[in-house]
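*Asks:* I'm passing along model.tsv; it holds TSV, C-alpha atoms and all ligand atoms.
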```tsv
chain	number	residue	atom	x	y	z
A	443	MET	CA	0.00	0.00	0.00
A	444	ASN	CA	1.36	3.41	-0.95
A	445	PRO	CA	0.95	5.51	2.23
A	446	GLU	CA	0.50	8.76	0.29
A	447	THR	CA	-2.04	7.63	-2.28
A	448	GLY	CA	-3.59	4.63	-0.56
A	449	ALA	CA	-2.93	2.67	-3.75
A	450	SER	CA	-2.31	-1.08	-3.75
A	451	PRO	CA	1.14	-2.42	-4.79
A	452	ALA	CA	2.49	-1.29	-8.12
A	453	ARG	CA	2.16	-3.48	-11.15
A	454	LEU	CA	4.82	-3.15	-13.80
A	455	PHE	CA	4.83	-3.16	-17.57
A	456	PHE	CA	7.15	-2.23	-20.41
A	457	ALA	CA	5.83	0.21	-22.97
A	458	LEU	CA	6.55	2.85	-25.56
A	459	TRP	CA	5.46	6.24	-24.25
A	460	LEU	CA	3.84	8.53	-26.80
A	461	PRO	CA	5.58	11.72	-27.93
A	462	PRO	CA	3.74	14.59	-26.18
A	463	GLU	CA	2.32	16.13	-29.35
A	464	ILE	CA	0.86	12.80	-30.49
A	465	ALA	CA	-0.51	12.11	-27.01
A	466	GLN	CA	-2.17	15.53	-27.12
A	467	ARG	CA	-3.82	14.86	-30.51
A	468	LEU	CA	-5.08	11.42	-29.48
A	469	HIS	CA	-6.33	12.68	-26.14
A	470	ARG	CA	-8.19	15.48	-27.89
A	471	GLN	CA	-9.73	13.04	-30.34
A	472	ALA	CA	-10.77	10.73	-27.50
A	473	GLY	CA	-12.38	13.73	-25.82
A	474	GLY	CA	-14.67	13.96	-28.84
A	475	ILE	CA	-15.73	10.32	-28.47
A	476	VAL	CA	-16.41	10.18	-24.74
A	477	GLY	CA	-19.72	12.00	-25.18
A	478	LYS	CA	-21.01	9.03	-27.20
A	479	SER	CA	-19.31	6.17	-25.35
A	480	GLY	CA	-19.04	7.39	-21.78
A	481	GLY	CA	-16.15	5.79	-19.93
A	482	ARG	CA	-12.96	7.13	-18.43
A	483	LEU	CA	-10.60	9.24	-20.50
A	484	MET	CA	-6.96	8.21	-20.04
A	485	ARG	CA	-4.71	11.07	-18.99
A	486	GLU	CA	-2.74	12.58	-21.86
A	487	GLU	CA	0.61	12.08	-20.12
A	488	SER	CA	-0.10	8.41	-19.45
A	489	LEU	CA	-0.75	7.33	-23.05
A	490	HIS	CA	1.46	4.42	-24.14
A	491	VAL	CA	1.77	1.24	-26.21
A	492	THR	CA	2.22	-1.77	-23.92
A	493	LEU	CA	5.00	-4.20	-24.95
A	494	ALA	CA	4.97	-6.62	-22.02
A	495	PHE	CA	2.86	-6.79	-18.86
A	496	LEU	CA	4.68	-8.17	-15.79
A	497	GLY	CA	2.17	-7.71	-13.00
A	498	GLU	CA	3.39	-7.28	-9.43
A	499	VAL	CA	7.14	-7.58	-9.02
A	500	PRO	CA	8.71	-7.67	-5.55
A	501	GLU	CA	10.66	-4.49	-4.81
A	502	ALA	CA	13.78	-6.61	-4.15
A	503	ARG	CA	13.78	-7.87	-7.74
A	504	LEU	CA	13.73	-4.43	-9.36
A	505	PRO	CA	17.54	-4.15	-9.73
A	506	GLU	CA	17.60	-7.51	-11.55
A	507	LEU	CA	14.77	-6.41	-13.81
A	508	GLN	CA	16.45	-3.10	-14.56
A	509	ALA	CA	19.75	-4.87	-15.32
A	510	ILE	CA	18.00	-7.07	-17.89
A	511	ALA	CA	16.42	-4.03	-19.54
A	512	ALA	CA	19.71	-2.12	-19.53
A	513	GLY	CA	21.51	-5.04	-21.15
A	514	LEU	CA	19.18	-5.22	-24.14
A	515	ASP	CA	20.33	-4.11	-27.55
A	516	LEU	CA	17.10	-3.53	-29.44
A	517	PRO	CA	16.58	-1.36	-32.51
A	518	ARG	CA	14.47	1.79	-32.78
A	519	VAL	CA	11.02	1.09	-34.17
A	520	PRO	CA	8.63	2.94	-36.45
A	521	VAL	CA	5.13	3.32	-35.03
A	522	ARG	CA	2.15	4.33	-37.14
A	523	LEU	CA	-1.21	4.72	-35.44
A	524	ASP	CA	-3.84	5.19	-38.10
A	525	ARG	CA	-7.14	3.83	-36.81
A	526	LEU	CA	-9.47	4.01	-33.86
A	527	GLY	CA	-11.33	0.98	-32.57
A	528	PHE	CA	-13.47	-0.38	-29.76
A	529	TRP	CA	-13.04	-3.76	-28.07
A	530	LYS	CA	-16.24	-5.13	-26.61
A	531	HIS	CA	-14.48	-7.68	-24.40
A	532	ASN	CA	-12.65	-5.11	-22.30
A	533	HIS	CA	-14.69	-1.99	-23.12
A	534	ILE	CA	-11.81	0.12	-24.34
A	535	VAL	CA	-11.55	2.64	-27.14
A	536	TRP	CA	-8.08	2.53	-28.64
A	537	ALA	CA	-5.82	3.91	-31.35
A	538	GLY	CA	-3.94	1.25	-33.27
A	539	CYS	CA	-2.25	0.19	-36.46
A	540	SER	CA	-3.92	-1.02	-39.69
A	541	GLU	CA	-0.73	-2.98	-40.21
A	542	THR	CA	1.63	-3.80	-37.38
A	543	ALA	CA	5.23	-3.00	-38.30
A	544	PRO	CA	7.30	-6.21	-38.03
A	545	GLU	CA	9.87	-4.17	-36.10
A	546	LEU	CA	7.30	-3.43	-33.41
A	547	SER	CA	6.33	-7.10	-33.02
A	548	ALA	CA	10.04	-7.96	-32.95
A	549	LEU	CA	10.65	-5.42	-30.18
A	550	ALA	CA	7.86	-6.83	-28.00
A	551	GLY	CA	9.05	-10.38	-28.72
A	552	GLY	CA	12.71	-9.59	-27.99
A	553	LEU	CA	11.85	-7.88	-24.76
A	554	GLN	CA	9.52	-10.66	-23.62
A	555	ARG	CA	12.04	-13.39	-24.42
A	556	ALA	CA	14.67	-11.58	-22.35
A	557	LEU	CA	12.28	-11.56	-19.38
A	558	LEU	CA	11.35	-15.24	-19.52
A	559	PRO	CA	14.47	-16.94	-18.12
A	560	ALA	CA	14.38	-14.92	-14.89
A	561	GLY	CA	10.68	-15.63	-14.48
A	562	PHE	CA	9.45	-12.06	-14.93
A	563	LEU	CA	7.07	-13.48	-17.55
A	564	ASP	CA	5.72	-17.00	-17.72
A	565	ALA	CA	5.12	-17.02	-21.49
A	566	GLU	CA	5.67	-14.93	-24.57
A	567	ARG	CA	2.41	-13.29	-25.67
A	568	ALA	CA	1.66	-11.80	-29.07
A	569	VAL	CA	1.05	-8.09	-28.76
A	570	THR	CA	-1.62	-6.17	-30.67
A	571	PRO	CA	-0.06	-2.72	-30.46
A	572	HIS	CA	-2.56	-0.10	-29.36
A	573	VAL	CA	-2.99	2.95	-27.18
A	574	THR	CA	-5.88	2.74	-24.74
A	575	LEU	CA	-7.73	6.05	-24.89
A	576	LEU	CA	-10.93	5.30	-22.96
A	577	ARG	CA	-11.73	2.61	-20.41
A	578	LYS	CA	-15.11	1.31	-19.31
A	579	ALA	CA	-16.61	2.68	-22.52
A	580	ALA	CA	-19.86	1.61	-24.15
A	581	HIS	CA	-19.98	0.99	-27.89
A	582	PRO	CA	-19.24	4.39	-29.41
A	583	GLY	CA	-20.91	3.69	-32.77
A	584	GLU	CA	-18.97	4.64	-35.86
A	585	LEU	CA	-15.59	6.06	-34.93
A	586	PRO	CA	-14.01	9.00	-36.76
A	587	ALA	CA	-11.03	8.51	-39.05
A	588	LEU	CA	-7.67	8.94	-37.36
A	589	PRO	CA	-5.10	10.95	-39.32
A	590	ALA	CA	-1.97	8.78	-39.18
A	591	GLN	CA	0.25	9.54	-36.20
A	592	GLU	CA	3.80	8.40	-36.88
A	593	TRP	CA	7.04	8.49	-34.97
A	594	THR	CA	10.17	6.45	-34.46
A	595	ALA	CA	10.42	5.18	-30.91
A	596	GLY	CA	13.92	5.80	-29.59
A	597	GLU	CA	13.40	4.45	-26.09
A	598	PHE	CA	11.33	2.01	-24.09
A	599	VAL	CA	9.97	2.52	-20.62
A	600	LEU	CA	9.37	0.47	-17.49
A	601	ALA	CA	6.11	1.81	-16.09
A	602	ARG	CA	4.12	1.40	-12.91
A	603	SER	CA	0.39	0.98	-12.83
A	604	TRP	CA	-1.20	2.03	-9.53
A	605	ARG	CA	-4.73	1.00	-8.78
A	606	THR	CA	-6.52	3.76	-6.94
A	607	GLU	CA	-10.14	4.40	-6.11
A	608	ARG	CA	-10.37	6.50	-9.27
A	609	GLY	CA	-8.99	3.71	-11.47
A	610	SER	CA	-5.43	2.95	-12.54
A	611	THR	CA	-2.80	5.59	-13.00
A	612	TYR	CA	0.38	4.99	-14.94
A	613	GLU	CA	3.82	6.51	-14.54
A	614	PRO	CA	7.13	5.82	-16.25
A	615	ALA	CA	9.68	4.56	-13.71
A	616	ALA	CA	12.79	4.09	-15.90
A	617	ARG	CA	13.76	4.45	-19.55
A	618	TRP	CA	16.35	2.85	-21.82
A	619	PRO	CA	17.36	3.76	-25.36
A	620	LEU	CA	16.61	1.77	-28.47
A	621	ARG	CA	19.62	1.88	-30.77
A	701	LIG	O1	-1.75	-0.41	-22.00
A	701	LIG	P1	-3.04	-1.13	-22.08
A	701	LIG	O2	-4.18	-0.33	-21.60
A	701	LIG	O3	-3.29	-1.77	-23.38
A	701	LIG	O4	-4.68	-3.65	-19.81
A	701	LIG	C1	-3.51	-3.31	-19.11
A	701	LIG	C2	-2.76	-2.18	-19.73
A	701	LIG	O5	-2.85	-2.34	-21.10
A	701	LIG	C3	-2.52	-4.42	-19.25
A	701	LIG	O6	-1.26	-3.84	-19.00
A	701	LIG	C4	-1.33	-2.46	-19.29
A	701	LIG	C5	-0.93	-1.68	-18.07
A	701	LIG	O7	-1.76	-1.99	-16.98
A	701	LIG	N1	-2.80	-5.50	-18.32
A	701	LIG	C6	-3.31	-5.38	-17.07
A	701	LIG	N2	-3.45	-6.59	-16.52
A	701	LIG	C7	-3.00	-7.49	-17.42
A	701	LIG	C8	-2.87	-8.90	-17.44
A	701	LIG	N3	-3.22	-9.65	-16.39
A	701	LIG	C9	-2.60	-6.79	-18.58
A	701	LIG	N4	-2.11	-7.40	-19.66
A	701	LIG	C10	-2.03	-8.73	-19.60
A	701	LIG	N5	-2.38	-9.48	-18.54
```
Show me, as structure tokens, the structure contained in the file I just sent.

*Replies:*
Amino acid sequence: MNPETGASPARLFFALWLPPEIAQRLHRQAGGIVGKSGGRLMREESLHVTLAFLGEVPEARLPELQAIAAGLDLPRVPVRLDRLGFWKHNHIVWAGCSETAPELSALAGGLQRALLPAGFLDAERAVTPHVTLLRKAAHPGELPALPAQEWTAGEFVLARSWRTERGSTYEPAARWPLR
């Protein structure tokens, strides 16, 4: 329990954080959808593409986890978000890719495989790259077109997810370069 926020223990995940100007555009676009779908708008500064979800990691194992991340030699990846969508099963509105760049799948795979031997993950999982924009949303009907948002990710992030009474909040905890 975090004594300041009353949040339960942090859960960890690796992600690509969005460049601020792209986060701003997506957040603004999501703001135009929430009137139709309801739900909870993700904070602009927390928008990200998850690469690997670890769950709760004991504080004592953080140095080992950070050493694995620091030892990786993974290439920079192009990201192109060009569509909005809604998933019924988890009630999220997201921005994603019409075609997933092989480099992005390779990054998630490389990272996940590095985490397996030390038991930080129990299995490699295929990633459908997306940015969650709204949670607990109802079907929004037809979604607007998303002008393609492109950048080359030059770093990856270890992030914490805190569960609070107002839902989860996310914050980057450490960053490493992609080369
Ligand atoms: O970044 P998004 O929103 O796609 O859904 C959770 C969130 O994904 C996902 O990890 C990200 C940070 O919380 N997540 C949460 N619990 C998970 C689980 N048990 C999970 N992903 C896989 N398995």

*Asks:* Quick one: residues within 8 Å of stretch 523-534 of chain A, only C-alpha atoms, excluding same-chain residues fewer than 2 positions away - as a PyMOL selection string?

*Replies:* chain A and resi 521+536-540+572+574-582+585-592

*Asks:* As a ChimeraX atom specification, please: the residues near A:Glu545 (cut-off 8 Å, all atoms listed in the file, same-chain neighbours under 3 positions excluded).

*Replies:* /A:519-520,548-549

*Asks:* Please, could you write that set of residues out with C-alpha atoms as a PDB file, keeping the file's coordinate frame?

*Replies:*
```
ATOM      1  CA  VAL A 519      11.020   1.090 -34.170  1.00  0.00           C
ATOM      2  CA  PRO A 520       8.630   2.940 -36.450  1.00  0.00           C
ATOM      3  CA  ALA A 548      10.040  -7.960 -32.950  1.00  0.00           C
ATOM      4  CA  LEU A 549      10.650  -5.420 -30.180  1.00  0.00           C
TER       5      LEU A 549
END
```

*Asks:* Quick one: contact table of chain A to ligand LIG 701 (chain A), 10 Å max, nearest atom pair and distance in Å to one decimal per residue, counting all atoms listed in the file, chain and number order, as a Markdown table?

*Replies:*
```
| residue | atom | partner | partner_atom | distance |
| --- | --- | --- | --- | --- |
| A:Ala452 | CA | A:LIG701 | O7 | 9.9 |
| A:Arg453 | CA | A:LIG701 | O7 | 7.2 |
| A:Leu454 | CA | A:LIG701 | C5 | 7.3 |
| A:Phe455 | CA | A:LIG701 | C5 | 6.0 |
| A:Phe456 | CA | A:LIG701 | C5 | 8.4 |
| A:Ala457 | CA | A:LIG701 | O1 | 7.7 |
| A:Leu458 | CA | A:LIG701 | O1 | 9.6 |
| A:Met484 | CA | A:LIG701 | O2 | 9.1 |
| A:Ser488 | CA | A:LIG701 | O1 | 9.3 |
| A:Leu489 | CA | A:LIG701 | O1 | 7.9 |
| A:His490 | CA | A:LIG701 | O1 | 6.2 |
| A:Val491 | CA | A:LIG701 | O1 | 5.7 |
| A:Thr492 | CA | A:LIG701 | O1 | 4.6 |
| A:Leu493 | CA | A:LIG701 | O1 | 8.3 |
| A:Ala494 | CA | A:LIG701 | O6 | 7.5 |
| A:Phe495 | CA | A:LIG701 | O6 | 5.1 |
| A:Leu496 | CA | A:LIG701 | N5 | 7.7 |
| A:Gly497 | CA | A:LIG701 | N3 | 6.7 |
| A:Glu498 | CA | A:LIG701 | N2 | 9.9 |
| A:Asn532 | CA | A:LIG701 | O4 | 8.5 |
| A:Ile534 | CA | A:LIG701 | O2 | 8.1 |
| A:Val535 | CA | A:LIG701 | O2 | 9.7 |
| A:Trp536 | CA | A:LIG701 | O3 | 8.3 |
| A:Arg567 | CA | A:LIG701 | C10 | 8.8 |
| A:Val569 | CA | A:LIG701 | O3 | 9.4 |
| A:Thr570 | CA | A:LIG701 | O3 | 8.7 |
| A:Pro571 | CA | A:LIG701 | O3 | 7.8 |
| A:His572 | CA | A:LIG701 | O3 | 6.3 |
| A:Val573 | CA | A:LIG701 | O3 | 6.1 |
| A:Thr574 | CA | A:LIG701 | O2 | 4.7 |
| A:Leu575 | CA | A:LIG701 | O2 | 8.0 |
| A:Leu576 | CA | A:LIG701 | O2 | 8.9 |
| A:Arg577 | CA | A:LIG701 | O2 | 8.2 |
| A:Ala601 | CA | A:LIG701 | C5 | 8.1 |
| A:Arg602 | CA | A:LIG701 | C5 | 7.8 |
| A:Ser603 | CA | A:LIG701 | O7 | 5.5 |
| A:Trp604 | CA | A:LIG701 | O7 | 8.5 |
| A:Arg605 | CA | A:LIG701 | O7 | 9.2 |
| A:Ser610 | CA | A:LIG701 | O7 | 7.6 |
| A:Thr611 | CA | A:LIG701 | O7 | 8.6 |
| A:Tyr612 | CA | A:LIG701 | C5 | 7.5 |
```

*Asks:* For atom CA of A:His469 and atom CA of A:Leu516, determine how far apart the two atoms are, in Å to one decimal place.

*Replies:*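 The value is 28.7 Å.
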
*Asks:* From the set A:Gly551, A:Ile510, A:Gly561, A:Glu487, which residue has the shortest atom-to-atom contact distance to A:Trp459, counting all atoms listed in the file?

*Replies:*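 With all atoms listed in the file as the atom set, the closest residue is A:Glu487.
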
*Asks:* Neighbourhood query: residues within 12 Å of (15.1, -10.8, -22.4), file coordinates, counting all atoms listed in the file; return as a PyMOL selection string.

*Replies:* chain A and resi 456+494+506-516+549-563+565-566

*Asks:* Work out how far apart atom CA of A:Glu597 and atom CA of A:Pro517 are and give it in Å to one decimal.

*Replies:* 9.2 Å

*Asks:* At what distance in Å, to one decimal, does atom CA of A:Pro461 lie from atom CA of A:Trp593?

*Replies:* 7.9 Å

*Asks:* Considering only C-alpha atoms, state which residue in the set A:Val599, A:Leu483, A:Ala502, A:Val476 is at the smallest distance from A:Gly583.

*Replies:*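 Of A:Val599, A:Leu483, A:Ala502, A:Val476, the one nearest A:Gly583, counting only C-alpha atoms, is A:Val476.
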
*Asks:* Determine the nearest neighbour of A:Gly473 from the options A:Arg522, A:Arg617, A:Arg485, A:Arg503, counting only C-alpha atoms.

*Replies:*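 Between A:Arg522, A:Arg617, A:Arg485, A:Arg503, the residue approaching A:Gly473 most closely is A:Arg485.
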
*Asks:* Show me, as AutoDock Vina command-line options, the centre and edge lengths in Å to one decimal of the axis-aligned box that covers every listed atom of stretch 602-612 of chain A with 5 Å on each side.

*Replies:*
```
--center_x -3.1 --center_y 3.7 --center_z -10.5 --size_x 24.5 --size_y 15.5 --size_z 18.8
```

*Asks:* Taking into account only C-alpha atoms, which residue in the set A:Gly474, A:Ala595, A:Leu600, A:Arg608 is nearest to A:Leu620?

*Replies:*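 Among the listed residues, A:Ala595 lies closest to A:Leu620.
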